[in-house]
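Enquirer: Once you've had a glance at the structure underneath, I'll fire off some questions.
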Amino acid sequence: MSSIKDRQRAAARARLEKEMAERAAAAKSRRRKQAIIGSALAVVVVAGAAVWLVTALKKDDKKSTASAAGTVACSWTPEDSTTGGPGIKDTGGTPPTTVPNVGKETLTLDTGLGVITAAVDKAKAPCTVAAFDYLAAKKFWDGTKCHRLTTAGIKVLQCGDPTAKGKGYRETDGQGGPNFKYAEENLPLGKDPTYPKATLAMARTQTPGTTGSQFFIVWGDDIKADSLPAEYTILGTITKGMDIVEKVGKAGSDNANNQGDGHPKLEVNIKTLTMAAA
């Protein structure tokens with residue numbers, strides 16, 4: 001017979017995955033777009049200029065190599081209210097299909113309780129960082145609130161639903177996201193704990209490739225692999241403001257979903273979420 005602790009862990013994991021679960025039964029059809037960039041180079045050789053031509057081509061080749069290095073291709077899967085539920089917010093487009101995979105940024109959450117910052121690395125999660133750059137520029141998270149807090153088994157504060165706004169909470173909080181989804185990356189495979197305290201990670205449904213805009217911060221003990229598997233993108237690490245997150249965690253939840261799982265009693269209202277080069 002399982003111990004009470006094991007049952008609590010299993011129940012906590014099930015509750016978290018249910019919240020992250022399908023915003024719609026299943027995507028009926030997915031369209032993937034790929035940008036194919038082609039180029040052609042026409043070279044006219046003038047008599048007596050062979051040496052100059054070879055030198056010039058070598059320089060061009062170096063420039064091409066430099067411009068191609070430090071980027072990665074990202075695929076954005078379109079989603080709307082018919083495939084992803086009524087909480088989908090149209091941003092009018094998607095992030096670029098080719099994004100940098102070098103450099104670091106600072107994610108800043110300016111909340112009603114204070115400032116929370118996180119360090120993110122493009123080399124580890126380039127597409128996720130690109131999605132955050134794009135959505136932050138659209139002020140996607142401004143005026144929203146963190147809609148979920150778990151205090152039993154695994155301890156996380158979850159935010160990022162663009163429709164979680166206004167006074168109080170609604171049953172639909174946690175169902176919102178952008179008009180696109182993308183694949184998971186920077187998974188802590190083979191690591192235990194999978195999600196240490198102060199980890200900033202992305203929520204997703206039970207189906208792979210469904211990362212969107214919702215994220216969670218681990219505020220309690222390190223999360224072990226048997227409590228939450230390595231299926232959620234690690235975006236970064238909190239560098240400032242963990243005391244704020246811990247304060248919210250210790251204030252508890254309203255147990256709206258189950259004991260130790262509900263809305264934060266101490267509301268976390270996000271004034272702005274911004275991204276900047278570190």
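Residue numbers start at 1 in each chain; chains themselves are named A, B, ... in the order of the structure tokens; ligands are numbered from 1 in the order shown.
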Mind checking which residues fall within 12 Å of range 234-238 of chain A, counting only C-alpha atoms, ignoring those fewer than 4 positions away in the same chain, and posting them as a ChimeraX atom specification?
Expert: /A:104-109,115-132,184-189,194-204,211,213-219,230,242-246
Enquirer: Range 46-217 of chain A: which residues are helix (DSSP H, G or I) by DSSP, as a count of residues only?
Expert: 35
Enquirer: Expressed in Å to a single decimal, how great is the separation between CA of Leu157 in chain A and CA of Gln206 in chain A?
Expert: 18.8 Å
Enquirer: If DSSP is run on the backbone, what residues of range 56-250 of chain A are strand (DSSP E)? A reply as a PDB file with C-alpha atoms, in the first residue's frame would be ideal.
Expert:
```pdb
ATOM      1  CA  THR A  71      20.531  31.093 -34.882  1.00  0.00           C
ATOM      2  CA  VAL A  72      18.029  28.253 -34.720  1.00  0.00           C
ATOM      3  CA  ALA A  73      14.755  27.471 -36.484  1.00  0.00           C
ATOM      4  CA  THR A  77       1.742  25.846 -34.354  1.00  0.00           C
ATOM      5  CA  PRO A  78      -1.324  28.057 -34.971  1.00  0.00           C
ATOM      6  CA  ILE A  88      -6.917  31.995 -26.740  1.00  0.00           C
ATOM      7  CA  LYS A  89      -5.709  35.579 -27.259  1.00  0.00           C
ATOM      8  CA  THR A  98      14.638  31.998 -37.154  1.00  0.00           C
ATOM      9  CA  VAL A  99      15.814  33.245 -33.765  1.00  0.00           C
ATOM     10  CA  PRO A 100      19.112  33.767 -31.893  1.00  0.00           C
ATOM     11  CA  LYS A 104      21.226  35.964 -22.133  1.00  0.00           C
ATOM     12  CA  GLU A 105      18.252  38.029 -21.052  1.00  0.00           C
ATOM     13  CA  THR A 106      16.564  39.173 -17.880  1.00  0.00           C
ATOM     14  CA  LEU A 107      12.859  38.569 -17.442  1.00  0.00           C
ATOM     15  CA  THR A 108      11.258  41.102 -15.105  1.00  0.00           C
ATOM     16  CA  LEU A 109       7.877  40.718 -13.449  1.00  0.00           C
ATOM     17  CA  ASP A 110       6.735  43.991 -11.932  1.00  0.00           C
ATOM     18  CA  THR A 111       3.959  42.914  -9.572  1.00  0.00           C
ATOM     19  CA  GLY A 114       7.268  43.858  -5.762  1.00  0.00           C
ATOM     20  CA  VAL A 115       9.698  42.995  -8.545  1.00  0.00           C
ATOM     21  CA  ILE A 116      10.629  39.427  -9.481  1.00  0.00           C
ATOM     22  CA  THR A 117      13.445  38.798 -11.957  1.00  0.00           C
ATOM     23  CA  ALA A 118      14.769  35.698 -13.688  1.00  0.00           C
ATOM     24  CA  ALA A 119      17.867  34.926 -15.728  1.00  0.00           C
ATOM     25  CA  VAL A 120      17.157  33.202 -19.050  1.00  0.00           C
ATOM     26  CA  ASP A 121      19.637  31.721 -21.523  1.00  0.00           C
ATOM     27  CA  THR A 144      -2.939  39.678 -15.505  1.00  0.00           C
ATOM     28  CA  LYS A 145      -2.618  37.749 -12.255  1.00  0.00           C
ATOM     29  CA  ARG A 148      -2.864  29.014  -9.245  1.00  0.00           C
ATOM     30  CA  LEU A 149      -0.928  28.010  -6.148  1.00  0.00           C
ATOM     31  CA  THR A 150      -0.147  24.496  -4.954  1.00  0.00           C
ATOM     32  CA  VAL A 156       4.431  26.022  -7.443  1.00  0.00           C
ATOM     33  CA  LEU A 157       2.943  29.405  -8.296  1.00  0.00           C
ATOM     34  CA  GLN A 158       1.435  29.415 -11.790  1.00  0.00           C
ATOM     35  CA  CYS A 159       0.854  32.499 -13.930  1.00  0.00           C
ATOM     36  CA  GLY A 177      -2.863  31.305 -23.934  1.00  0.00           C
ATOM     37  CA  PRO A 178      -1.566  32.831 -27.192  1.00  0.00           C
ATOM     38  CA  PHE A 180       0.318  29.656 -31.190  1.00  0.00           C
ATOM     39  CA  LYS A 181       2.061  26.785 -29.428  1.00  0.00           C
ATOM     40  CA  THR A 199      13.111  27.306 -11.206  1.00  0.00           C
ATOM     41  CA  LEU A 200      11.019  29.205 -13.753  1.00  0.00           C
ATOM     42  CA  ALA A 201       9.400  26.620 -16.038  1.00  0.00           C
ATOM     43  CA  MET A 202       6.683  26.458 -18.671  1.00  0.00           C
ATOM     44  CA  PHE A 215       4.629  29.425 -16.571  1.00  0.00           C
ATOM     45  CA  PHE A 216       5.260  28.355 -12.999  1.00  0.00           C
ATOM     46  CA  ILE A 217       7.772  29.155 -10.273  1.00  0.00           C
ATOM     47  CA  VAL A 218       8.893  26.466  -7.835  1.00  0.00           C
ATOM     48  CA  ILE A 234      12.951  25.201 -18.000  1.00  0.00           C
ATOM     49  CA  LEU A 235      13.027  28.855 -19.039  1.00  0.00           C
ATOM     50  CA  GLY A 236      15.303  30.202 -16.335  1.00  0.00           C
ATOM     51  CA  THR A 237      16.048  30.756 -12.661  1.00  0.00           C
ATOM     52  CA  ILE A 238      14.634  33.373 -10.318  1.00  0.00           C
ATOM     53  CA  THR A 239      17.416  35.794  -9.305  1.00  0.00           C
ATOM     54  CA  LYS A 240      15.389  38.303  -7.298  1.00  0.00           C
TER      55      LYS A 240
END
```
Enquirer: Could you give me, as an MDAnalysis selection string, the residues within 7 Å of His263 in chain A, counting only C-alpha atoms and dropping anything in the same chain fewer than 4 positions from it?
Expert: chainID A and resid 147:149 253:256
Enquirer: For a quick check of understanding, using only C-alpha atoms, which of A:Thr97, A:Ser81, A:Thr91, A:Thr210 has the smallest distance to Lys139 in chain A?
Expert: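 Answer, going by the shortest atom-to-atom distance: A:Thr91.
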Enquirer: What separation in Å, quoted to one decimal, exists between CA of Gly103 in chain A and CA of Gly70 in chain A?
Expert: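 Between CA of Gly103 in chain A and CA of Gly70 in chain A the gap is 9.1 Å.
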Enquirer: What is the CA of Asp133 in chain A to CA of Thr82 in chain A distance in Å?
Expert: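 Distance between the two atoms: 25.9 Å.
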Enquirer: Closest to Ala278 in chain A among A:Gly143, A:Val102, A:Thr94, A:Ile223, using only C-alpha atoms?
Expert: A:Val102
